[in-house]
Amino acid sequence: MGNNSEEDMKLPLLQQSDAVNLDGSRAIDVDVKVTTVIFKIGGVECASCSTSIESMLHKLNGVKRINVSPIQGQALVEFVPELVSAKTIKDTIEAAGFKVTEFLEQDIAVCRLKISGMTCTSCSESIESSLLTVEGVKKAVVGLALEVAKINYDPNVTNTTRILKAVVDAGFGAELIGSENDGNKVHIKLQGIISAQDMDSVRQYLEVINGVNDVEMDIKEGIVVVSYDPDLTGPRSILSLIQDCSRGSGSYQASLYIVEKQRDKERHHEIKTYRNQFFWSCFFSIPVFVFSMVLPMVPPYGNWLSYKVHRMLTVGMVTRFILCTPVQFIIGRRFYVGSYHALRRRSANMDVLVALGTNAAYFYSVYTLIKASLSDKFEGQDFFETSTMLVSFILLGKYLESMAKGKTSDALAKLMDLAPDTACLVTVNNEGTVLSETEINVQLIERNDVLKIFPGSKFPIDGVVVDGQGYVNESMITGEATPVAKHVGDRVIGGTVNENGCLLIKATHVGSETALSQIVQIVEAAQLARAPVQKLADQISKFFVPTVVAAAVMTWLGWFIPGLAGLYPKTWIPKAMDEFELALQFAISVLVVACPCALGLSTPTAIMVATGKGASQGVLIKGGNALEKAHKVNTVVFDKTGTLTVGKPKVVSAILFTRISMEEFCNTTIAVEANSEHPIAKAVVEYAKNRLPNHKTQTTNGFTVKEFKVEPGAGVGCKVGPKTVLIGNKRLMRSFNVPIGHEVENYFTDNENLARTCVLVAIDGTIVGAVAVTDPVKPEAASVVSYLRSMNIRSIMVTGDNWSTATAIAKEIGIENVFAETDPLGKAEKIKELQAKGMVVAMVGDGINDSPALVAANVGMAIGAGTDVAIEAADVVLIKSDLEDVITAIDLSKKTIFRIHVNYVWALGYNVLGVPVAAGVLFPFIGVRLPPWLAGACMAASSVSVVCSSLLLQTYKKPFAYSR
């Protein structure tokens, strides 16, 4: 009761603090451009902190309005950018003694690009650098494994065309694949358009429709993309209006346009491209290899290769040159293009290494051809097979890597495919009778539509059951295999399966608002975000390629100079080679074997698989940062109500302490508690209604509730007519100097010993009655706490409930450390105290009243999310409201970080072991050397090994000790 309601917490930011308008009025000069920025601030703990920040910002010229919220740890500032900058405001806040962790402009658009041509971490860094040079781009994140870029930009300064151009100028392919509002867009195909004037008339017609935000036209294809507000209109209404407009002109027909799934299409195209390039490369390189390495060893079949064409130029040399050239310049063109753009950016990547290696082999071989055609005594050897085999093996590696990377996002792809393509729309009259049934595309569903769900069918959207009952399998969303009973009024989640019973549901969440869409958005964002552990790969990549080139040059000099000086026996040099050629082969092998591709894929592929796997099991992990923090957790702090307990309190007894009638007592509690969304308040209201079926929400004198106020962690107070009413715990009573007699104390003690929560009701300073509320402990709570203890993780309870009740529940569960009677800000303080002692803390709460503690913790875990999965305060969202998933999140993070470390061993192991061997360290001792073509095979194998290693996370299973 003393906590804010869930709906309250979803109101616009900073509702807890009054706005400060610096010019003394509500109006803002319409001629002056005003920017709004949200600053996330650490250390804002009370109202005095808010006042301190506001007083400092008052002094800045150009700041128009300030809102500071100590609960959310955020400040909203409206300012004139021509007079003051966001950075100046940030510096001012920090000068007041607070830390600004992030600041986001509200007038910011987000777009996503599909990037092609990236090969390693240096490529993604180059793209980010290029994007950040575009004026108006605020933030750019490029995911190497996903091949996707997410850009935050100011639409008033730049646009997607300039952003795309920046990527193309950097030497990569780019395609716009979506924005953050894609879920509220409908694509419509217009057929029969006569002219551009018809398209303009459609645009003008749509733009005046209430709820239409934006209209995009593709005149060539006849496609209209309409962005809309689902609260005001919907796709079916928009399509109907366009059809009505077309009937007037008679010149075109309108229909829904189904956008193909670009992700799968592009992935298949990429795999097919690499496959075709590899096959064509093999078509030329295999004969070169046979003519160079096989036939000369099996006379007389290879004798014809030695026939001289001109002087010392042989048929074999000419044939190998003819077959190698297409591979080098046509099939291998991608390496030249990539190298050109990399060097133009003053950076280096895998393409540079490959181009250097293959060019060295190819052009030296061309030199041998020219020398042989001009000399009668030249006996040099060409290396055409080195060039072709290198290209072939690298393309094979990219082909296998592309297929493996496609599997890393299988879990996410399966989530996206859960929703059906069609739904049965029904028309119902006021009596609830179904008048008609129509099959429509899911994209045409609007809010408040009534849909019929047959047994065995999937729910297309989130909604509420309005008729019928049955069992629903929600395992694909929550991971819970046991079907859940659904009755009238129960919520259903899109993508789940109706196992039996025919249900009628009303659509409540459509498009990007559905739980499934939000899960996909969270997982995609997590896969795109960089984990701190990836910094190692980023730092290495900055100097990796130049170091490799230097090592290759040193290798060549280290073999060539001693060879000329006769410092090693001539017998070390293979037949038909000289010192230069032997040194060249060693140098090429070093260039090729030390590719940084595997290093760049080590972290993102593991995170992609882990976040997708977690989502399929009901655990949403918001990025690599949360994954990395979770594996270090050694203390878990639990909220009580709704977390350790079921969260559905029931009143088990009630008592009156004065001569007040039960009717007046019930009417008063209903009138007051009906204004609160707290679970205990709802339980009290339900109990009062049952005791008084003909209840009224007013007092018998006809007075309504006024001056309703929530006291966080204590209760509520208000005026009911002329009377002052307080409902809450003893702390609330004491704060208002309400005396607590022996009878009240005894009632409290008796119930608290039974782990019940007592709620006192006081009228005009006198406690008139009380109710005892019980909230059963979740059945898995004790086993989860025990399992955490076996993992050397300490469990602590922090609750706003009284000490006796909290201690009794903690004892039942097995938690030794309890902090009771703690308000929301006090919970955050307890978290900080634990962190100050060196503990890595995970906070598990309901994501509403616990939001300050969730933010303060190293890892915030929001439990009980249901269909509202987008809880901003949490790092991890546990969809099922199951405490066992706390262990799943921690265990999965440990497995993921271990897998990332294994990937680094694979990636760096090839280089640490391969580079010395390629450089010929073992050759003087045991005669082992790594030919360039074999070095290329090792390089390709390193990337494939890393991706396959990450794919092993697909086999992850919840710890057997506690799974059901």
# chains A, B, ... in the order shown; residues from 1 in each chain; ligands from 1
call {"tool": "residues_around", "arguments": {"residues": "region 133-145 of chain A", "least_positions_apart": "3", "cutoff": "7 Å", "atoms": "only C-alpha atoms", "output": "VMD selection string"}}
result
chain A and resid 118 121 124 128 to 130 148 to 154 157 to 158 528 601 604 to 605
call {"tool": "atom_distance", "arguments": {"atom1": "CA of Thr514 (chain A)", "atom2": "CA of Asp462 (chain A)"}}
result
5.7 Å
call {"tool": "residues_around", "arguments": {"residues": "Ile219 (chain A)", "least_positions_apart": "2", "cutoff": "12 Å", "atoms": "only C-alpha atoms", "output": "NGL selection string"}}
result
:A and (189-200 or 202-203 or 216-217 or 221-225)
call {"tool": "residues_around", "arguments": {"residues": "region 540-556 of chain A", "least_positions_apart": "5", "cutoff": "6 Å", "atoms": "only C-alpha atoms", "output": "ChimeraX atom specification"}}
result
/A:348,583-584,587,590-591,919
call {"tool": "write_last_selection", "arguments": {"atoms": "N, CA and C atoms", "output": "short mmCIF file (atom, residue, chain, number, x, y, z; two decimals), in the first residue's frame"}}
result
data_model
loop_
_atom_site.label_atom_id
_atom_site.label_comp_id
_atom_site.auth_asym_id
_atom_site.auth_seq_id
_atom_site.Cartn_x
_atom_site.Cartn_y
_atom_site.Cartn_z
N ALA A 348 43.94 -1.05 -41.36
CA ALA A 348 44.26 -2.30 -42.04
C ALA A 348 43.37 -3.41 -41.48
N ALA A 583 62.45 -17.57 -48.35
CA ALA A 583 62.10 -16.49 -47.43
C ALA A 583 60.73 -15.90 -47.76
N LEU A 584 60.42 -15.81 -49.06
CA LEU A 584 59.13 -15.27 -49.48
C LEU A 584 57.98 -16.16 -49.02
N ALA A 587 57.37 -15.60 -45.36
CA ALA A 587 56.74 -14.30 -45.11
C ALA A 587 55.25 -14.33 -45.47
N VAL A 590 53.25 -16.13 -42.82
CA VAL A 590 53.02 -15.30 -41.64
C VAL A 590 51.89 -14.31 -41.89
N LEU A 591 51.87 -13.70 -43.06
CA LEU A 591 50.82 -12.74 -43.39
C LEU A 591 49.44 -13.38 -43.31
N ALA A 919 56.60 -18.75 -39.54
CA ALA A 919 57.86 -18.03 -39.71
C ALA A 919 59.07 -18.96 -39.84
#
call {"tool": "select_by_dssp", "arguments": {"residues": "region 380-498 of chain A", "states": "helix (DSSP H, G or I)", "output": "JSON, numbers by chain"}}
result
{"A": [384, 385, 386, 387, 388, 389, 390, 391, 392, 393, 394, 395, 396, 397, 398, 399, 400, 401, 402, 403, 404, 405, 406, 407, 408, 410, 411, 412, 413, 414, 415, 416, 442, 443, 444, 475, 476, 477, 478]}
call {"tool": "select_by_dssp", "arguments": {"residues": "region 174-239 of chain A", "states": "strand (DSSP E or B)", "output": "list in words"}}
result
Ala174, Glu175, Leu176, Ile177, Gly178, Ser179, Lys185, Val186, His187, Ile188, Lys189, Leu190, Gln191, Val212, Asn213, Asp214, Val215, Glu216, Met217, Asp218, Ile223, Val224, Val225, Val226, Ser227 and Tyr228 of chain A
call {"tool": "write_last_selection", "arguments": {"atoms": "N, CA and C atoms", "output": "compact mmCIF listing (two decimals), in the first residue's frame"}}
result
# COMPACT_ATOMS: atom_id res chain seq x y z
N ALA A 174 25.74 -0.68 -47.58
CA ALA A 174 24.79 -0.33 -46.52
C ALA A 174 23.38 -0.29 -47.09
N GLU A 175 22.45 -0.78 -46.28
CA GLU A 175 21.04 -0.76 -46.68
C GLU A 175 20.19 -0.49 -45.45
N LEU A 176 19.26 0.44 -45.56
CA LEU A 176 18.38 0.77 -44.46
C LEU A 176 17.40 -0.37 -44.24
N ILE A 177 17.39 -0.92 -43.02
CA ILE A 177 16.51 -2.08 -42.76
C ILE A 177 15.44 -1.78 -41.73
N GLY A 178 15.43 -0.57 -41.16
CA GLY A 178 14.33 -0.29 -40.24
C GLY A 178 14.66 0.83 -39.29
N SER A 179 13.62 1.23 -38.56
CA SER A 179 13.75 2.24 -37.52
C SER A 179 12.99 1.76 -36.30
N LYS A 185 3.96 0.63 -38.50
CA LYS A 185 3.92 0.99 -39.91
C LYS A 185 3.13 -0.06 -40.69
N VAL A 186 2.46 0.38 -41.73
CA VAL A 186 1.77 -0.54 -42.62
C VAL A 186 2.21 -0.23 -44.05
N HIS A 187 2.51 -1.28 -44.82
CA HIS A 187 2.93 -1.15 -46.21
C HIS A 187 1.74 -1.47 -47.11
N ILE A 188 1.43 -0.56 -48.01
CA ILE A 188 0.28 -0.73 -48.89
C ILE A 188 0.74 -0.64 -50.34
N LYS A 189 0.28 -1.58 -51.16
CA LYS A 189 0.61 -1.62 -52.59
C LYS A 189 -0.53 -1.00 -53.38
N LEU A 190 -0.17 0.00 -54.21
CA LEU A 190 -1.16 0.64 -55.08
C LEU A 190 -0.94 0.16 -56.51
N GLN A 191 -1.96 -0.38 -57.10
CA GLN A 191 -1.88 -0.89 -58.47
C GLN A 191 -2.81 -0.08 -59.36
N VAL A 212 -2.32 9.45 -38.28
CA VAL A 212 -1.24 9.18 -39.23
C VAL A 212 -0.09 10.13 -38.95
N ASN A 213 1.08 9.56 -38.67
CA ASN A 213 2.25 10.38 -38.31
C ASN A 213 3.14 10.72 -39.50
N ASP A 214 3.28 9.78 -40.43
CA ASP A 214 4.20 10.00 -41.54
C ASP A 214 3.78 9.13 -42.72
N VAL A 215 4.02 9.63 -43.92
CA VAL A 215 3.70 8.89 -45.14
C VAL A 215 4.93 8.88 -46.04
N GLU A 216 5.38 7.69 -46.43
CA GLU A 216 6.50 7.55 -47.35
C GLU A 216 6.00 6.91 -48.64
N MET A 217 6.51 7.42 -49.78
CA MET A 217 6.06 6.96 -51.09
C MET A 217 7.21 6.38 -51.90
N ASP A 218 6.97 5.24 -52.51
CA ASP A 218 7.87 4.69 -53.52
C ASP A 218 7.09 4.68 -54.83
N ILE A 223 4.35 1.75 -53.81
CA ILE A 223 4.20 1.31 -52.42
C ILE A 223 4.10 2.53 -51.50
N VAL A 224 3.16 2.49 -50.59
CA VAL A 224 2.97 3.55 -49.61
C VAL A 224 3.24 2.97 -48.23
N VAL A 225 4.11 3.62 -47.47
CA VAL A 225 4.42 3.19 -46.10
C VAL A 225 3.87 4.25 -45.15
N VAL A 226 2.93 3.84 -44.30
CA VAL A 226 2.24 4.78 -43.41
C VAL A 226 2.60 4.47 -41.97
N SER A 227 3.14 5.48 -41.27
CA SER A 227 3.39 5.37 -39.83
C SER A 227 2.18 5.93 -39.11
N TYR A 228 1.72 5.22 -38.07
CA TYR A 228 0.48 5.63 -37.42
C TYR A 228 0.56 5.44 -35.90
call {"tool": "residues_around", "arguments": {"residues": "Arg346 (chain A)", "least_positions_apart": "5", "cutoff": "10 Å", "atoms": "only C-alpha atoms", "output": "number ranges by chain"}}
result
A: 126, 340-341
call {"tool": "write_last_selection", "arguments": {"atoms": "N, CA and C atoms", "output": "compact mmCIF listing (two decimals), in the first residue's frame"}}
result
# COMPACT_ATOMS: atom_id res chain seq x y z
N SER A 126 35.99 1.20 -38.02
CA SER A 126 36.08 2.20 -39.09
C SER A 126 34.71 2.76 -39.45
N TYR A 340 41.74 -1.48 -50.48
CA TYR A 340 41.76 -0.08 -50.92
C TYR A 340 41.04 0.82 -49.93
N HIS A 341 39.84 0.41 -49.54
CA HIS A 341 39.07 1.24 -48.62
C HIS A 341 39.70 1.27 -47.23
call {"tool": "residues_around", "arguments": {"residues": "Trp280 (chain A)", "least_positions_apart": "5", "cutoff": "9 Å", "atoms": "only C-alpha atoms", "output": "NGL selection string"}}
result
:A and (275 or 285 or 327 or 331 or 392)
call {"tool": "write_last_selection", "arguments": {"atoms": "C-alpha atoms", "output": "PDB file, in the first residue's frame"}}
result
ATOM      1  CA  ARG A 275      29.542 -20.804 -52.063  1.00  0.00           C
ATOM      2  CA  SER A 285      42.761 -23.600 -58.324  1.00  0.00           C
ATOM      3  CA  VAL A 327      41.230 -16.207 -59.368  1.00  0.00           C
ATOM      4  CA  ILE A 331      37.268 -13.949 -57.830  1.00  0.00           C
ATOM      5  CA  SER A 392      40.105 -20.819 -52.240  1.00  0.00           C
TER       6      SER A 392
END
